[in-house]
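Enquirer: Below is start33.txt; it holds compact mmCIF, C-alpha atoms.
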```
# COMPACT_ATOMS: atom_id res chain seq x y z
CA MET A 1 23.57 16.62 -24.31
CA PRO A 2 23.50 17.42 -20.56
CA GLU A 3 23.18 14.53 -18.14
CA ARG A 4 19.74 14.13 -16.65
CA ILE A 5 19.68 13.38 -12.95
CA VAL A 6 16.99 12.82 -10.35
CA VAL A 7 18.13 13.92 -6.90
CA ALA A 8 16.61 12.19 -3.86
CA LEU A 9 17.09 14.27 -0.71
CA GLY A 10 17.33 12.52 2.65
CA GLY A 11 15.94 13.85 5.92
CA ASN A 12 19.21 15.58 6.85
CA ALA A 13 18.78 17.80 3.77
CA LEU A 14 15.59 19.26 5.23
CA GLN A 15 16.00 19.24 8.97
CA SER A 16 18.85 19.14 11.47
CA GLN A 17 18.65 17.01 14.60
CA ASP A 18 20.47 19.82 16.37
CA SER A 19 17.80 22.45 15.70
CA PRO A 20 14.15 22.75 16.78
CA PRO A 21 11.49 21.24 14.48
CA THR A 22 10.20 24.63 13.38
CA ALA A 23 9.47 26.01 9.93
CA GLN A 24 12.22 28.62 10.33
CA ALA A 25 14.80 26.00 11.34
CA GLN A 26 13.82 23.87 8.36
CA LEU A 27 14.13 26.85 6.03
CA GLU A 28 17.68 27.45 7.25
CA VAL A 29 18.67 23.83 6.56
CA VAL A 30 16.95 23.83 3.16
CA SER A 31 18.84 27.03 2.30
CA GLN A 32 22.15 25.22 2.85
CA THR A 33 20.90 22.19 0.91
CA CYS A 34 19.93 24.31 -2.08
CA GLU A 35 23.45 25.67 -2.33
CA HIS A 36 24.59 22.17 -3.30
CA ILE A 37 21.68 21.60 -5.69
CA ALA A 38 22.21 24.98 -7.35
CA GLU A 39 25.88 24.18 -7.87
CA LEU A 40 24.93 20.93 -9.62
CA SER A 41 22.56 22.85 -11.87
CA ALA A 42 25.16 25.53 -12.56
CA ARG A 43 27.56 22.79 -13.74
CA GLY A 44 25.06 21.92 -16.47
CA TYR A 45 23.13 18.98 -15.07
CA GLU A 46 19.41 18.84 -15.80
CA MET A 47 17.46 17.69 -12.79
CA ALA A 48 14.35 17.01 -10.83
CA VAL A 49 14.28 16.91 -7.02
CA VAL A 50 12.49 14.42 -4.77
CA HIS A 51 12.40 14.83 -0.99
CA GLY A 52 11.25 12.87 2.02
CA ASN A 53 8.64 14.01 4.54
CA GLY A 54 8.71 11.54 7.45
CA PRO A 55 9.14 14.02 10.32
CA GLN A 56 7.00 16.70 8.68
CA VAL A 57 3.96 14.59 7.80
CA GLY A 58 4.09 13.03 11.26
CA ARG A 59 3.98 16.45 12.92
CA ILE A 60 1.18 17.66 10.65
CA LEU A 61 -0.82 14.54 11.51
CA LEU A 62 -0.06 14.91 15.22
CA ALA A 63 -1.15 18.56 15.19
CA SER A 64 -4.33 17.66 13.37
CA GLU A 65 -5.19 14.88 15.80
CA THR A 66 -4.34 17.03 18.84
CA ALA A 67 -6.74 19.74 17.66
CA ARG A 68 -9.57 17.31 16.83
CA ASP A 69 -11.82 18.92 19.46
CA VAL A 70 -11.47 22.29 17.71
CA VAL A 71 -11.30 21.43 14.00
CA PRO A 72 -11.92 18.15 12.14
CA PRO A 73 -8.68 16.14 11.74
CA MET A 74 -7.23 15.87 8.26
CA PRO A 75 -6.93 12.41 6.67
CA PHE A 76 -3.46 10.99 6.17
CA ASP A 77 -3.26 11.60 2.40
CA VAL A 78 -4.22 15.26 2.90
CA CYS A 79 -1.46 15.62 5.50
CA GLY A 80 0.95 14.22 2.92
CA ALA A 81 -0.22 16.78 0.37
CA MET A 82 0.24 19.56 2.94
CA SER A 83 3.82 18.43 3.57
CA GLN A 84 4.52 18.44 -0.18
CA GLY A 85 3.29 22.01 -0.35
CA TYR A 86 5.31 23.56 2.41
CA ILE A 87 8.53 21.63 1.83
CA GLY A 88 8.29 22.37 -1.90
CA TYR A 89 7.72 26.04 -1.11
CA HIS A 90 10.90 26.14 0.98
CA ILE A 91 12.92 24.43 -1.76
CA GLN A 92 11.52 26.75 -4.43
CA GLN A 93 12.35 29.84 -2.40
CA CYS A 94 15.88 28.81 -1.47
CA LEU A 95 16.87 27.17 -4.76
CA ARG A 96 15.67 30.16 -6.76
CA TYR A 97 17.88 32.42 -4.62
CA SER A 98 20.92 30.11 -4.85
CA LEU A 99 20.56 29.87 -8.63
CA ARG A 100 20.30 33.64 -9.01
CA GLN A 101 23.46 34.04 -6.93
CA ARG A 102 25.16 31.99 -9.66
CA GLY A 103 23.66 34.02 -12.48
CA LYS A 104 21.10 31.35 -13.35
CA GLY A 105 17.48 32.43 -13.57
CA TYR A 106 15.98 28.97 -13.91
CA PRO A 107 12.40 28.63 -12.69
CA VAL A 108 11.77 26.15 -9.86
CA VAL A 109 8.32 24.64 -9.55
CA THR A 110 6.69 22.13 -7.22
CA VAL A 111 4.17 19.66 -8.61
CA ALA A 112 1.66 18.21 -6.14
CA THR A 113 2.24 14.62 -7.16
CA GLN A 114 -0.08 11.65 -6.71
CA VAL A 115 1.43 8.18 -6.89
CA VAL A 116 -0.71 5.10 -7.43
CA VAL A 117 -0.20 2.17 -5.04
CA ASP A 118 -1.76 -1.28 -4.88
CA ARG A 119 -4.05 -2.04 -1.93
CA ARG A 120 -2.90 -5.66 -2.18
CA ASP A 121 0.68 -4.63 -1.42
CA PRO A 122 1.82 -6.65 1.63
CA ALA A 123 3.18 -3.41 3.14
CA PHE A 124 -0.36 -2.60 4.31
CA GLN A 125 -0.20 -5.62 6.61
CA SER A 126 3.27 -4.77 7.94
CA PRO A 127 3.90 -1.06 8.65
CA THR A 128 7.59 -0.11 8.43
CA LYS A 129 7.88 3.58 7.48
CA PRO A 130 8.81 5.82 10.45
CA ILE A 131 7.06 9.17 10.69
CA GLY A 132 6.89 12.01 13.18
CA PRO A 133 9.01 12.69 16.27
CA PHE A 134 11.06 10.32 18.40
CA TYR A 135 9.67 8.94 21.66
CA THR A 136 11.04 7.08 24.66
CA ALA A 137 10.15 3.40 25.02
CA GLN A 138 7.57 4.25 27.70
CA GLU A 139 5.97 6.99 25.57
CA ALA A 140 5.83 4.54 22.66
CA GLN A 141 4.05 1.95 24.81
CA THR A 142 1.50 4.56 25.88
CA LEU A 143 0.80 5.65 22.30
CA GLN A 144 0.47 2.04 21.22
CA ALA A 145 -2.03 1.33 23.99
CA GLU A 146 -4.04 4.56 23.80
CA LYS A 147 -4.04 5.32 20.06
CA GLY A 148 -3.30 1.94 18.51
CA TYR A 149 -0.20 3.24 16.73
CA ALA A 150 2.35 0.77 15.42
CA MET A 151 5.64 1.80 17.06
CA ARG A 152 9.18 0.72 16.27
CA GLU A 153 12.68 1.50 17.54
CA ASP A 154 14.55 3.55 14.93
CA ALA A 155 18.29 2.91 14.59
CA GLY A 156 19.08 3.51 18.25
CA ARG A 157 17.66 7.04 18.17
CA GLY A 158 14.35 6.36 19.91
CA TRP A 159 10.89 5.06 19.06
CA ARG A 160 8.71 6.34 16.21
CA ARG A 161 5.31 5.64 14.78
CA VAL A 162 5.43 3.46 11.66
CA VAL A 163 2.89 3.34 8.83
CA PRO A 164 2.52 1.23 5.67
CA SER A 165 5.03 1.96 2.90
CA PRO A 166 3.72 0.40 -0.33
CA ARG A 167 5.79 0.39 -3.52
CA PRO A 168 4.94 3.10 -6.08
CA GLN A 169 3.23 1.80 -9.21
CA ARG A 170 2.54 4.88 -11.33
CA ILE A 171 3.11 8.65 -11.16
CA VAL A 172 -0.18 10.33 -12.04
CA GLU A 173 1.31 13.69 -13.04
CA ILE A 174 4.23 12.26 -15.03
CA ASP A 175 3.13 13.87 -18.32
CA ALA A 176 3.11 17.31 -16.71
CA ILE A 177 6.54 16.68 -15.19
CA ARG A 178 7.93 15.71 -18.61
CA LEU A 179 6.50 18.89 -20.15
CA LEU A 180 8.09 21.00 -17.43
CA TRP A 181 11.48 19.30 -17.62
CA ASP A 182 12.98 21.55 -20.33
CA HIS A 183 11.67 24.72 -18.71
CA ALA A 184 12.22 24.38 -14.96
CA ILE A 185 13.76 22.43 -12.12
CA VAL A 186 10.85 20.35 -10.90
CA VAL A 187 10.28 19.33 -7.30
CA ALA A 188 8.10 16.23 -7.62
CA CYS A 189 6.99 13.12 -5.74
CA GLY A 190 7.57 14.94 -2.45
CA GLY A 191 7.48 12.55 0.49
CA GLY A 192 7.33 9.73 -2.03
CA GLY A 193 4.15 11.18 -3.53
CA ILE A 194 0.61 11.36 -2.21
CA PRO A 195 -0.42 7.68 -2.12
CA VAL A 196 -3.64 6.99 -4.00
CA GLU A 197 -5.44 3.91 -5.27
CA GLN A 198 -7.29 3.75 -8.56
CA LEU A 199 -10.89 2.60 -8.21
CA PRO A 200 -12.66 0.48 -10.85
CA ASP A 201 -14.31 3.58 -12.32
CA GLY A 202 -10.91 5.25 -12.75
CA HIS A 203 -11.35 7.63 -9.82
CA LEU A 204 -8.33 8.18 -7.55
CA GLN A 205 -8.72 7.87 -3.80
CA GLY A 206 -6.16 8.70 -1.13
CA VAL A 207 -4.84 5.99 1.18
CA ALA A 208 -3.14 6.14 4.60
CA ALA A 209 0.50 5.40 3.85
CA VAL A 210 3.88 6.97 3.14
CA ILE A 211 5.75 5.87 0.02
CA ASP A 212 9.49 5.60 0.40
CA LYS A 213 10.97 8.62 -1.38
CA ASP A 214 13.90 6.60 -2.77
CA PHE A 215 11.57 4.21 -4.59
CA ALA A 216 9.49 7.13 -5.85
CA ALA A 217 12.65 8.89 -7.05
CA GLU A 218 13.72 5.72 -8.84
CA LEU A 219 10.38 5.45 -10.64
CA LEU A 220 10.55 9.13 -11.58
CA ALA A 221 14.10 8.66 -12.89
CA GLU A 222 12.91 5.81 -15.10
CA GLU A 223 9.93 7.77 -16.40
CA VAL A 224 11.90 10.89 -17.37
CA GLY A 225 14.75 8.91 -18.93
CA ALA A 226 17.36 10.06 -16.42
CA ASP A 227 20.99 9.03 -16.75
CA VAL A 228 21.72 9.09 -13.02
CA LEU A 229 19.75 8.52 -9.83
CA LEU A 230 21.57 10.51 -7.14
CA ILE A 231 20.50 9.49 -3.62
CA LEU A 232 21.78 11.88 -0.96
CA THR A 233 21.94 10.80 2.65
CA GLU A 234 24.06 11.30 5.79
CA VAL A 235 26.99 9.08 4.83
CA GLU A 236 29.57 9.56 2.09
CA LYS A 237 29.57 5.92 0.98
CA VAL A 238 27.60 2.73 1.45
CA ALA A 239 29.35 0.43 3.90
CA VAL A 240 29.31 -3.17 5.01
CA ARG A 241 29.73 -4.09 8.69
CA PHE A 242 28.42 -0.57 9.32
CA GLY A 243 29.12 0.82 12.77
CA THR A 244 31.62 -1.89 13.70
CA PRO A 245 35.43 -1.88 13.82
CA GLU A 246 35.30 -3.92 10.60
CA GLN A 247 33.31 -1.29 8.69
CA ARG A 248 34.34 -1.11 5.05
CA ASP A 249 33.21 1.72 2.78
CA LEU A 250 32.42 0.79 -0.80
CA SER A 251 33.31 3.01 -3.74
CA SER A 252 31.50 0.89 -6.31
CA LEU A 253 29.00 -1.95 -6.43
CA THR A 254 27.63 -4.00 -9.26
CA VAL A 255 23.99 -4.93 -9.00
CA GLY A 256 24.97 -8.51 -8.27
CA GLU A 257 27.34 -7.54 -5.47
CA ALA A 258 24.74 -5.24 -3.93
CA ALA A 259 22.11 -7.96 -4.07
CA ARG A 260 24.39 -10.40 -2.27
CA TYR A 261 25.20 -7.90 0.48
CA ALA A 262 21.50 -7.07 0.85
CA GLU A 263 20.59 -10.74 1.15
CA ALA A 264 23.25 -11.12 3.84
CA GLY A 265 21.57 -8.38 5.88
CA GLU A 266 24.36 -5.81 5.51
CA PHE A 267 22.01 -2.85 5.00
CA GLY A 268 19.58 -1.48 7.58
CA VAL A 269 15.93 -2.20 6.75
CA GLY A 270 14.72 1.29 7.65
CA SER A 271 17.77 3.20 6.47
CA MET A 272 20.22 2.04 3.81
CA LEU A 273 18.39 -0.98 2.37
CA PRO A 274 15.67 0.96 0.47
CA LYS A 275 18.34 3.24 -0.99
CA VAL A 276 20.37 0.27 -2.20
CA GLU A 277 17.26 -1.46 -3.58
CA ALA A 278 16.23 1.71 -5.43
CA ALA A 279 19.75 2.06 -6.86
CA MET A 280 19.74 -1.55 -8.06
CA ARG A 281 16.32 -1.20 -9.63
CA PHE A 282 17.32 1.92 -11.56
CA VAL A 283 20.52 0.39 -12.92
CA ARG A 284 18.57 -2.64 -14.06
CA SER A 285 15.95 -0.47 -15.79
CA GLY A 286 18.02 0.37 -18.85
CA PRO A 287 21.48 0.30 -20.44
CA GLY A 288 23.99 2.92 -19.39
CA ARG A 289 22.11 3.97 -16.29
CA LYS A 290 23.90 4.38 -12.98
CA ALA A 291 22.99 5.25 -9.43
CA ILE A 292 25.08 7.02 -6.82
CA ILE A 293 24.61 7.09 -3.05
CA THR A 294 26.57 9.75 -1.17
CA SER A 295 26.26 12.59 1.32
CA LEU A 296 24.71 15.93 0.46
CA ASP A 297 27.94 17.87 0.96
CA ARG A 298 29.87 15.59 -1.41
CA CYS A 299 27.27 15.39 -4.18
CA LEU A 300 29.27 17.37 -6.75
CA GLU A 301 32.40 15.31 -6.15
CA ALA A 302 30.33 12.15 -6.44
CA MET A 303 28.92 13.25 -9.81
CA GLU A 304 32.50 13.84 -10.92
CA GLY A 305 33.48 10.31 -9.87
CA ARG A 306 35.64 11.33 -6.90
CA THR A 307 33.59 9.86 -4.05
CA GLY A 308 30.30 8.15 -3.20
CA THR A 309 29.18 4.62 -4.00
CA VAL A 310 28.47 4.08 -7.70
CA PHE A 311 26.11 1.29 -8.74
CA THR A 312 26.59 -0.23 -12.18
CA ALA A 313 25.35 -3.22 -14.11
CA ASP A 314 27.06 -6.59 -13.69
```
What would the structure in this file look like if it were written as structure tokens?
Expert:
Amino acid sequence: MPERIVVALGGNALQSQDSPPTAQAQLEVVSQTCEHIAELSARGYEMAVVHGNGPQVGRILLASETARDVVPPMPFDVCGAMSQGYIGYHIQQCLRYSLRQRGKGYPVVTVATQVVVDRRDPAFQSPTKPIGPFYTAQEAQTLQAEKGYAMREDAGRGWRRVVPSPRPQRIVEIDAIRLLWDHAIVVACGGGGIPVEQLPDGHLQGVAAVIDKDFAAELLAEEVGADVLLILTEVEKVAVRFGTPEQRDLSSLTVGEAARYAEAGEFGVGSMLPKVEAAMRFVRSGPGRKAIITSLDRCLEAMEGRTGTVFTAD
């Protein structure tokens, strides 16, 4: 039986820092990304794809707010849905082409995915998820004063707006995703999913937040009974003492080892930590499950056990 994997794509899989933040530039990066995903599929892995949306949803929101004197601004959850649509469209277009180049006519479909969050989640009191473009410190101060944005320095690259990032509780469209699994590669939980809360009468209502795509991918992997959670990012392996002369790359981690490193503050709060936490959670969710963190261009080698950081049970 083929291995089931859920692939979580990091921001570098959608957009290059060296190219302009345009739809055409994103399409070019996604085209390269889909070559790697198509190769995984061609090797026989069954998969679903989850992607982030931090820069994209931030730009959509910024455009909407800038044009507020011309058209009514869109609420945050609607901006998230818009980002799911156009990123999913790019992935569908490029992945379909890459698969056909390999003689594989698999359908690729994007599911607009709602993910239930809890309004009591402490994340709503402490925004941490960066969205949108980078700003200088002075620009960040101005935005904070004029618009009331929460701003935070992001890994030495500049300042960005941060919004609440609650943990995902339930994937609303999970039954549809399961039905599609045997018939298509599904792009789901884009941007972590459209965050919604369930009201007492059962109605779903959008909330202003961005769910971390790694946690959403982990929940999806649990729900579809995946064997592997494959988290793709900019680095080949997880490291301790990252960015220092003492940096040490790790080829494998047990859940216990990862937890100890996390508690010691070895992983960046806005970068590697959520990936490691998602990996640990998935491994703990059932026997025989493993998680891998690696770079996009080494994903096939990582699945073959030749690189990446593999997370296993204690």
Enquirer: Contacts between stretch 247-270 of chain A and stretch 126-202 of chain A, please, where a residue of stretch 126-202 of chain A counts if it comes within 9 Å (with only C-alpha atoms); show its shortest atom pair and distance in Å to one decimal, rows by chain and ascending number, as JSON lines.
Expert:
```
{"residue": "A:Thr128", "atom": "CA", "partner": "A:Gly270", "partner_atom": "CA", "distance": 7.3}
{"residue": "A:Lys129", "atom": "CA", "partner": "A:Gly270", "partner_atom": "CA", "distance": 7.2}
{"residue": "A:Pro130", "atom": "CA", "partner": "A:Gly270", "partner_atom": "CA", "distance": 8.0}
{"residue": "A:Asp154", "atom": "CA", "partner": "A:Gly270", "partner_atom": "CA", "distance": 7.6}
{"residue": "A:Ala155", "atom": "CA", "partner": "A:Gly270", "partner_atom": "CA", "distance": 8.0}
```
Enquirer: Name the residues in contact with stretch 304-313 of chain A at a cut-off of 10 Å, using only C-alpha atoms, excluding same-chain residues fewer than 2 positions from it; report them as an MDAnalysis selection string.
Expert: chainID A and resid 228:232 235:239 249:258 276 279:280 282:295 298:302
Enquirer: Have a look at A:Ile5, A:Ala226, A:Ala81, A:Ala42 and name the one nearest to A:Gln56; count all atoms listed in the file.
Expert: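 The answer is A:Ala81, which sits nearest to A:Gln56.
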Enquirer: Near A:Val30, within 12 Å and counting all atoms listed in the file, which residues show up once chain neighbours fewer than 4 positions away are dropped, as JSON, numbers by chain?
Expert: {"A": [9, 10, 11, 12, 13, 14, 15, 16, 23, 24, 25, 26, 34, 35, 36, 37, 38, 51, 86, 87, 88, 89, 90, 91, 92, 93, 94, 95, 96, 97, 98, 296]}
Enquirer: Which value, in Å to one decimal, gives the distance between atom CA of A:Gly193 and atom CA of A:Pro2?
Expert: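 Atom-to-atom, atom CA of A:Gly193 and atom CA of A:Pro2 are spaced 26.5 Å apart.
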Enquirer: Could you list, as a list of chain:residue names, every residue within 9 Å of A:Ala123, counting all atoms listed in the file and ignoring same-chain residues fewer than 2 positions away?
Expert: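 The neighbour list is A:Arg119, A:Arg120, A:Asp121, A:Gln125, A:Ser126, A:Pro127, A:Thr128, A:Val163, A:Pro164, A:Ser165, A:Pro166, A:Arg167.
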Enquirer: Choose the residue, out of A:Lys147, A:Val186, A:Val172, A:Ala112, that has the smallest atom-to-atom separation from A:Gln198; count all atoms listed in the file.
Expert: A:Val172
Enquirer: Using atom CA of A:Gln169 and atom CA of A:Val117 as the two end points, give the distance in Å to one decimal.
Expert: 5.4 Å
Enquirer: Counting all atoms listed in the file, which of A:Ala216, A:Ala184, A:Val111, A:Met82 gets nearest to A:Gly52?
Expert: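 Ranking A:Ala216, A:Ala184, A:Val111, A:Met82 by distance to A:Gly52, first place goes to A:Ala216.
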Enquirer: Here is a test: counting only C-alpha atoms, which residue of A:Val115, A:Val78, A:Leu40, A:Ala48 is nearest to A:Glu173?
Expert: A:Val115
Enquirer: Quick one: pull the distance between atom CA of A:Pro122 and atom CA of A:Asp212, Å, one decimal.
Expert: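 Atom CA of A:Pro122 sits 14.5 Å away from atom CA of A:Asp212.
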Enquirer: A:Leu204, A:Cys79, A:Val240, A:Met151: which is nearest A:Pro133, counting only C-alpha atoms?
Expert: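 The closest residue to A:Pro133 is A:Met151.
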Enquirer: Measuring between all atoms listed in the file, which one of A:Pro55, A:Val50, A:Gly105, A:Thr244 shows the shortest distance to A:Leu219?
Expert: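 The answer is A:Val50, which sits nearest to A:Leu219.
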Enquirer: Box along x, y and z, 8 Å on every side, all listed atoms of stretch 18-35 of chain A inside: centre and edge lengths in Å to one decimal, as AutoDock Vina command-line options.
Expert:
```
--center_x 16.5 --center_y 24.2 --center_z 7.2 --size_x 30.0 --size_y 24.8 --size_z 35.1
```
Enquirer: Stretch 137-143 of chain A: which residues within 8 Å, counting all atoms listed in the file, same-chain residues fewer than 4 positions away excluded, as JSON, numbers by chain?
Expert: {"A": [147, 148, 149, 151, 158, 159, 160, 161]}
Enquirer: Can you write out the residues you just picked, keeping C-alpha atoms, as a compact mmCIF listing (two decimals), in the coordinates of the input?
Expert:
```txt
# COMPACT_ATOMS: atom_id res chain seq x y z
CA LYS A 147 -4.04 5.32 20.06
CA GLY A 148 -3.30 1.94 18.51
CA TYR A 149 -0.20 3.24 16.73
CA MET A 151 5.64 1.80 17.06
CA GLY A 158 14.35 6.36 19.91
CA TRP A 159 10.89 5.06 19.06
CA ARG A 160 8.71 6.34 16.21
CA ARG A 161 5.31 5.64 14.78
```
